[in-house]
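Quick notes on the structure that follows.
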Amino acid sequence: MRFIGSVIDKLQRHPKRIVFPEGTEPRVLQAARQFHSLRLGVPILLGDRTKVKEAAQGLNVSLEGIRIINPAESGDLETFAHRFEVLRRSKGMKAQEAREAMLLPNYFGAMMVAMHQADGLVSGTNQITGSVLRPLFQIFKVAPTSTTASSCMVMEVEDTRFGENGLLFMADCGVIPEPTVEQLADIAVSTAQLARQILGTRPRAALLSFSTKGSATHPSIGKVQAATALAEKKAKEQNLEADFDGELQVDAALVPEIASRKLPDSKVAGRATVLIFPDLNSGNIASKLIQHVARANAYGQILLGLDRPAADVSRGSNAHDILGVAAIVGVQSIEYNKLYPPSGVVLPGGEVEPFGSSYSHA
């Protein structure tokens with residue numbers, strides 16, 4: 001709660017609109033209630049209005065201050081469907097297919113964010129990852145200055161000696177199974193950017209391996225080494241103040257005593273706040289181990305590299321987790337175009353928004 005308390009403080013000064021496509025899900029209803037009660041902005045629930053109200057009544061959750069939109073009854077349905085058809089026409093999309101897609105809450109919610117009718121999207125409590133990511137990749141696409149979409153888990157452990165007072169940013173834990181050198185570097189830079197925005201301190205990113213600075217030999221180690229060098233180059237080009245080091249074993253990245261023996265001159269070793277995993281297997285396994293074995297507060301997956309802010313939460317998330325993710329996505333959206341300039345400018349269908357990105361004057 002230390003971390004989420006600071007995120008809530010930031011968002012209360014810049015309230016945002018977060019759309020939750022799973023409007024009848026009990027955990028989402030509870031998170032939306034808290035989102036409004038904490039004055040974080042306007043939660044938007046998608047779904048059949050009667051069913052949402054019945055679900056809320058069954059939980060004794062007030063819907064005051066919460067918007068409910070049924071895509072099938074929305075005045076925006078036809079406009080959204082037309083924009084989606086234009087967006088996907090080169091893929092063979094037909095008008096009827098586009099309309100059917102827009103009836104699905106994840107597609108409708110993604111289009112709301114794309115059209116600046118909401119500032120961010122949080123979904124995934126009762127759906128597989130593909131059902132959440134597919135609409136985002138089709139409607140948002142990657143940000144103009146990004147080439148890689150990935151994801152990050154924000155983990156808060158009780159032992160404040162680790163990371164930044166117990167806070168660790170871990171990636172990629174949810175999107176790319178086998179990242180290339182270029183993708184791994186992009187993941188490192190995007191995660192460091194998020195850490196910089198959320199914490200306001202200089203990120204220290206460790207690109208992880210089973211080897212520390214050549215203690216073992218394997219092609220995968222060379223990939224991590226190359227990605228580290230490329231991440232440093234990309235960060236300089238983007239004027240991102242951050243430190244990168246790799247390849248590092250996770251103990252060398254996190255434990256000062258071990259780092260002092262293995263890498264006494266490293267700016268990252270023993271003090272890493274960002275952990276970049278070599279593949280999705282290791283990232284996903286590690287994040288779930290920390291969450292359940294160390295009883296860490298886990299917030300994610302925060303999606304990185306997209307043109308608009310969004311998150312794909314775990315089906316095992318509780319209401320507090322969903323609230324925390326929504327708050328992080330809200331804070332992301334405050335200055336999203338600084339993370340990925342010039343994000344949010346092009347609307348679905350191709351035209352440029354007349355006054356530029358809404359994130360720049362939130």
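For the structure tokens, the naming scheme is as follows: chains receive sequential letters (A, B, ...) according to their order of presentation, residues are indexed from 1 within each chain, and ligands are indexed from 1 in presentation order.
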Can you list every residue of region 91-136 of chain A that has an atom at most 9 Å from region 46-55 of chain A, with its nearest atom pair and the distance in Å to one decimal, using only C-alpha atoms, ordered by chain then number, as CSV?
residue,atom,partner,partner_atom,distance
A:Pro105,CA,A:Leu46,CA,6.1
A:Asn106,CA,A:Leu46,CA,8.8
A:Phe108,CA,A:Leu46,CA,8.5
A:Gly109,CA,A:Leu46,CA,7.6
Those residues you just picked out, can you put them in a file as a PDB file, in the first residue's frame with C-alpha atoms?
ATOM      1  CA  PRO A 105     -16.831  -4.854 -24.696  1.00  0.00           C
ATOM      2  CA  ASN A 106     -13.047  -5.136 -25.176  1.00  0.00           C
ATOM      3  CA  PHE A 108     -15.745  -1.044 -27.768  1.00  0.00           C
ATOM      4  CA  GLY A 109     -13.607  -0.051 -24.764  1.00  0.00           C
TER       5      GLY A 109
END
Which residues of region 37-111 of chain A sit at most 12 Å from region 300-323 of chain A, using only C-alpha atoms? Give each one's shortest atom pair and distance in Å (one decimal place), in chain and ascending residue order, as a tab-separated table.
residue	atom	partner	partner_atom	distance
A:Ser37	CA	A:Leu323	CA	11.3
A:Leu38	CA	A:Leu323	CA	10.2
A:Leu40	CA	A:Leu323	CA	10.0
A:Gly41	CA	A:Leu323	CA	11.9
A:Pro43	CA	A:Leu323	CA	10.4
A:Asn106	CA	A:Asp312	CA	10.9
A:Gly109	CA	A:Ala310	CA	10.3
A:Ala110	CA	A:Ala310	CA	8.7
A:Met111	CA	A:Arg308	CA	10.4
I need the chosen residues saved as a JSON list (two decimals), in the first residue's frame, with N, CA and C atoms.
[["chain", "number", "residue", "atom", "x", "y", "z"],
["A", 37, "SER", "N", -14.68, 6.59, -5.17],
["A", 37, "SER", "CA", -14.65, 7.05, -3.77],
["A", 37, "SER", "C", -13.35, 7.76, -3.42],
["A", 38, "LEU", "N", -12.26, 7.33, -4.04],
["A", 38, "LEU", "CA", -10.95, 7.94, -3.77],
["A", 38, "LEU", "C", -10.70, 9.18, -4.63],
["A", 40, "LEU", "N", -10.40, 9.47, -7.91],
["A", 40, "LEU", "CA", -9.37, 9.24, -8.92],
["A", 40, "LEU", "C", -9.86, 9.56, -10.33],
["A", 41, "GLY", "N", -11.15, 9.77, -10.47],
["A", 41, "GLY", "CA", -11.71, 10.08, -11.78],
["A", 41, "GLY", "C", -13.03, 9.36, -11.96],
["A", 43, "PRO", "N", -14.91, 6.04, -13.33],
["A", 43, "PRO", "CA", -14.86, 4.68, -13.86],
["A", 43, "PRO", "C", -16.02, 4.47, -14.83],
["A", 106, "ASN", "N", -14.48, -5.47, -25.06],
["A", 106, "ASN", "CA", -13.05, -5.14, -25.18],
["A", 106, "ASN", "C", -12.77, -4.29, -26.41],
["A", 109, "GLY", "N", -14.42, -0.80, -25.73],
["A", 109, "GLY", "CA", -13.61, -0.05, -24.76],
["A", 109, "GLY", "C", -12.32, 0.46, -25.37],
["A", 110, "ALA", "N", -11.66, -0.38, -26.19],
["A", 110, "ALA", "CA", -10.44, 0.06, -26.86],
["A", 110, "ALA", "C", -10.72, 1.24, -27.78],
["A", 111, "MET", "N", -11.84, 1.19, -28.49],
["A", 111, "MET", "CA", -12.17, 2.30, -29.38],
["A", 111, "MET", "C", -12.50, 3.57, -28.59]]
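In this comparison, which uses only C-alpha atoms, the residue of A:Glu232, A:Glu178, A:Glu164, A:Asp172 approaching Ile285 (chain A) most closely is A:Asp172.
Every protein or nucleic acid residue with an atom no more than 10 Å from Arg99 (chain A), counting only C-alpha atoms and leaving out same-chain residues fewer than 3 positions away, appears here: Ala72, Leu77, Glu78, Thr79, Phe80, Ala81, His82, Arg83, Phe84, Glu85, Lys94, Ala95, Gln96, Met102, Leu103, Leu104 and Phe108 of chain A.
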- Message: With only C-alpha atoms as the counted atoms, please give the residues lying no more than 12 Å from Ser215 (chain A), apart from itself and same-chain residues fewer than 3 positions off, as a PyMOL selection string.
- Response: chain A and resi 209-212+218+221-222+246-249+262-263
Create the file for the chosen residues now, containing N, CA, C and O atoms and written as a PDB file, in the first residue's frame.
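And here's part_35.pdb as it stands now:
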ATOM      1  N   SER A 209      20.132 -12.903 -16.694  1.00  0.00           N
ATOM      2  CA  SER A 209      20.575 -14.126 -17.345  1.00  0.00           C
ATOM      3  C   SER A 209      20.955 -15.128 -16.260  1.00  0.00           C
ATOM      4  O   SER A 209      20.856 -14.827 -15.070  1.00  0.00           O
ATOM      5  N   PHE A 210      21.393 -16.333 -16.677  1.00  0.00           N
ATOM      6  CA  PHE A 210      21.949 -17.273 -15.693  1.00  0.00           C
ATOM      7  C   PHE A 210      23.446 -17.058 -15.551  1.00  0.00           C
ATOM      8  O   PHE A 210      24.143 -17.820 -14.869  1.00  0.00           O
ATOM      9  N   SER A 211      23.959 -16.003 -16.162  1.00  0.00           N
ATOM     10  CA  SER A 211      25.379 -15.676 -16.142  1.00  0.00           C
ATOM     11  C   SER A 211      25.566 -14.233 -15.704  1.00  0.00           C
ATOM     12  O   SER A 211      24.704 -13.385 -15.929  1.00  0.00           O
ATOM     13  N   THR A 212      26.686 -13.959 -15.054  1.00  0.00           N
ATOM     14  CA  THR A 212      27.061 -12.587 -14.714  1.00  0.00           C
ATOM     15  C   THR A 212      28.383 -12.256 -15.398  1.00  0.00           C
ATOM     16  O   THR A 212      29.424 -12.820 -15.061  1.00  0.00           O
ATOM     17  N   HIS A 218      26.817 -19.132 -23.631  1.00  0.00           N
ATOM     18  CA  HIS A 218      25.627 -19.667 -24.300  1.00  0.00           C
ATOM     19  C   HIS A 218      25.120 -18.582 -25.237  1.00  0.00           C
ATOM     20  O   HIS A 218      25.271 -17.386 -24.946  1.00  0.00           O
ATOM     21  N   ILE A 221      23.138 -15.714 -23.777  1.00  0.00           N
ATOM     22  CA  ILE A 221      23.882 -14.703 -23.014  1.00  0.00           C
ATOM     23  C   ILE A 221      24.339 -13.585 -23.940  1.00  0.00           C
ATOM     24  O   ILE A 221      24.253 -12.399 -23.597  1.00  0.00           O
ATOM     25  N   GLY A 222      24.810 -13.969 -25.121  1.00  0.00           N
ATOM     26  CA  GLY A 222      25.217 -12.954 -26.094  1.00  0.00           C
ATOM     27  C   GLY A 222      24.068 -12.042 -26.475  1.00  0.00           C
ATOM     28  O   GLY A 222      24.257 -10.836 -26.685  1.00  0.00           O
ATOM     29  N   GLY A 246      24.143  -5.550 -17.834  1.00  0.00           N
ATOM     30  CA  GLY A 246      23.808  -6.920 -18.151  1.00  0.00           C
ATOM     31  C   GLY A 246      24.971  -7.568 -18.903  1.00  0.00           C
ATOM     32  O   GLY A 246      25.825  -6.862 -19.421  1.00  0.00           O
ATOM     33  N   GLU A 247      25.071  -8.880 -18.930  1.00  0.00           N
ATOM     34  CA  GLU A 247      24.092  -9.753 -18.335  1.00  0.00           C
ATOM     35  C   GLU A 247      24.381  -9.944 -16.840  1.00  0.00           C
ATOM     36  O   GLU A 247      25.557 -10.021 -16.444  1.00  0.00           O
ATOM     37  N   LEU A 248      23.321 -10.022 -16.033  1.00  0.00           N
ATOM     38  CA  LEU A 248      23.458 -10.192 -14.589  1.00  0.00           C
ATOM     39  C   LEU A 248      22.564 -11.332 -14.109  1.00  0.00           C
ATOM     40  O   LEU A 248      21.432 -11.478 -14.574  1.00  0.00           O
ATOM     41  N   GLN A 249      23.085 -12.109 -13.153  1.00  0.00           N
ATOM     42  CA  GLN A 249      22.222 -13.040 -12.436  1.00  0.00           C
ATOM     43  C   GLN A 249      21.363 -12.226 -11.470  1.00  0.00           C
ATOM     44  O   GLN A 249      21.740 -11.139 -11.045  1.00  0.00           O
ATOM     45  N   LYS A 262      30.992  -9.485  -7.033  1.00  0.00           N
ATOM     46  CA  LYS A 262      31.012  -9.803  -8.462  1.00  0.00           C
ATOM     47  C   LYS A 262      31.227  -8.577  -9.347  1.00  0.00           C
ATOM     48  O   LYS A 262      31.916  -8.659 -10.364  1.00  0.00           O
ATOM     49  N   LEU A 263      30.606  -7.447  -8.975  1.00  0.00           N
ATOM     50  CA  LEU A 263      30.637  -6.249  -9.826  1.00  0.00           C
ATOM     51  C   LEU A 263      30.719  -4.995  -8.966  1.00  0.00           C
ATOM     52  O   LEU A 263      29.755  -4.221  -8.885  1.00  0.00           O
TER      53      LEU A 263
END
- Message: Applying 12 Å and only C-alpha atoms, which residues near region 265-270 of chain A remain after dropping the ones on its own chain fewer than 5 positions away? List them as a ChimeraX atom specification.
- Response: /A:161-164,202-208,212-213,242-260,275
Considering only C-alpha atoms, tabulate each residue of region 237-335 of chain A that lies at most 9 Å from region 182-185 of chain A along with its nearest interatomic pair and the corresponding distance in Å to one decimal; arrange the rows by chain and ascending residue number and present them as JSON lines.
{"residue": "A:Ile276", "atom": "CA", "partner": "A:Leu184", "partner_atom": "CA", "distance": 7.9}
{"residue": "A:Phe277", "atom": "CA", "partner": "A:Leu184", "partner_atom": "CA", "distance": 8.4}
{"residue": "A:Pro278", "atom": "CA", "partner": "A:Leu184", "partner_atom": "CA", "distance": 7.3}
{"residue": "A:Asp279", "atom": "CA", "partner": "A:Leu184", "partner_atom": "CA", "distance": 8.6}
- Excluding Glu335 (chain A) and residues on its chain fewer than 2 positions from it, collect all residues at most 12 Å away from it, counting only C-alpha atoms, and give them as an MDAnalysis selection string. chainID A and resid 10:11 14 16 119 193:194 197:198 308:309 329:333 337:344 357:362
Mind writing the picked residues with N, CA and C atoms as a compact mmCIF listing (two decimals), in the first residue's frame?
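Saved as out-v7.txt:
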# COMPACT_ATOMS: atom_id res chain seq x y z
N LYS A 10 -1.03 11.13 -6.69
CA LYS A 10 -0.78 11.78 -7.99
C LYS A 10 -2.06 11.86 -8.82
N LEU A 11 -2.82 10.76 -8.82
CA LEU A 11 -4.00 10.71 -9.67
C LEU A 11 -5.12 11.61 -9.14
N HIS A 14 -4.92 14.78 -10.81
CA HIS A 14 -5.22 14.77 -12.25
C HIS A 14 -6.19 13.62 -12.55
N LYS A 16 -8.75 10.86 -13.93
CA LYS A 16 -8.87 10.33 -15.29
C LYS A 16 -10.10 9.44 -15.43
N ASP A 119 -9.49 7.60 -20.87
CA ASP A 119 -8.04 7.85 -20.81
C ASP A 119 -7.21 6.58 -20.71
N GLN A 193 11.36 3.76 -18.65
CA GLN A 193 10.56 4.98 -18.81
C GLN A 193 9.39 5.00 -17.83
N LEU A 194 8.71 3.85 -17.72
CA LEU A 194 7.59 3.77 -16.79
C LEU A 194 8.06 3.97 -15.35
N GLN A 197 8.71 7.60 -14.76
CA GLN A 197 7.50 8.40 -14.63
C GLN A 197 6.81 8.16 -13.28
N ILE A 198 6.72 6.91 -12.87
CA ILE A 198 5.99 6.57 -11.65
C ILE A 198 6.76 6.98 -10.39
N ARG A 308 -1.85 4.07 -26.72
CA ARG A 308 -2.74 4.52 -25.65
C ARG A 308 -2.48 3.66 -24.40
N PRO A 309 -2.80 4.16 -23.21
CA PRO A 309 -2.55 3.39 -21.98
C PRO A 309 -3.57 2.28 -21.76
N VAL A 329 -2.48 3.03 -14.56
CA VAL A 329 -2.84 3.39 -15.93
C VAL A 329 -3.28 4.85 -15.98
N GLY A 330 -4.01 5.29 -14.96
CA GLY A 330 -4.41 6.70 -14.90
C GLY A 330 -3.22 7.63 -14.81
N VAL A 331 -2.25 7.29 -13.96
CA VAL A 331 -1.05 8.11 -13.84
C VAL A 331 -0.24 8.09 -15.13
N GLN A 332 -0.15 6.92 -15.78
CA GLN A 332 0.49 6.84 -17.09
C GLN A 332 -0.10 7.86 -18.05
N SER A 333 -1.42 7.95 -18.06
CA SER A 333 -2.11 8.78 -19.05
C SER A 333 -1.92 10.27 -18.82
N ASN A 337 2.17 11.14 -23.60
CA ASN A 337 2.94 11.51 -24.80
C ASN A 337 4.39 11.84 -24.48
N LYS A 338 4.74 11.95 -23.20
CA LYS A 338 6.16 12.08 -22.85
C LYS A 338 6.83 10.71 -22.81
N LEU A 339 6.02 9.67 -22.50
CA LEU A 339 6.55 8.31 -22.55
C LEU A 339 6.77 7.88 -24.00
N TYR A 340 5.77 8.18 -24.85
CA TYR A 340 5.81 7.76 -26.24
C TYR A 340 5.36 8.91 -27.16
N PRO A 341 6.22 9.90 -27.37
CA PRO A 341 5.84 11.01 -28.24
C PRO A 341 5.84 10.56 -29.71
N PRO A 342 4.89 11.04 -30.54
CA PRO A 342 3.69 11.79 -30.17
C PRO A 342 2.47 10.87 -30.12
N SER A 343 2.29 10.12 -29.05
CA SER A 343 1.20 9.15 -28.96
C SER A 343 -0.15 9.86 -28.86
N GLY A 344 -1.20 9.14 -29.22
CA GLY A 344 -2.55 9.63 -29.05
C GLY A 344 -3.00 10.68 -30.03
N SER A 357 -2.74 15.43 -28.98
CA SER A 357 -3.09 14.40 -28.00
C SER A 357 -3.76 14.98 -26.78
N SER A 358 -4.83 14.31 -26.34
CA SER A 358 -5.51 14.76 -25.12
C SER A 358 -4.62 14.57 -23.91
N TYR A 359 -3.64 13.67 -24.01
CA TYR A 359 -2.77 13.43 -22.86
C TYR A 359 -1.86 14.63 -22.60
N SER A 360 -1.65 15.48 -23.60
CA SER A 360 -0.73 16.60 -23.43
C SER A 360 -1.37 17.76 -22.72
N HIS A 361 -2.73 17.75 -22.64
CA HIS A 361 -3.36 18.82 -21.89
C HIS A 361 -4.41 18.27 -20.96
N ALA A 362 -3.99 17.17 -20.27
CA ALA A 362 -4.92 16.53 -19.35
C ALA A 362 -5.06 17.39 -18.09
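With only C-alpha atoms as the atoms that count, the residue of A:Val28, A:Met155, A:Met93, A:Val113 with the shortest distance to Arg2 (chain A) is A:Met155.
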- Query: region 20-217 of chain A: which residues are alpha helix (DSSP H) by DSSP, as JSON, numbers by chain?
  - Reply: {"A": [26, 27, 28, 29, 30, 31, 32, 33, 34, 35, 36, 37, 49, 50, 51, 52, 53, 54, 55, 56, 57, 58, 59, 77, 78, 79, 80, 81, 82, 83, 84, 85, 86, 87, 95, 96, 97, 98, 99, 100, 101, 102, 105, 106, 107, 108, 109, 110, 111, 112, 113, 114, 129, 130, 131, 132, 133, 134, 135, 136, 137, 138, 139, 181, 182, 183, 184, 185, 186, 187, 188, 189, 190, 191, 192, 193, 194, 195, 196, 197, 198, 199]}
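With only C-alpha atoms as the atoms that count, the residue of A:His116, A:Ala171, A:Pro177, A:Thr148 with the shortest distance to Val345 (chain A) is A:His116.
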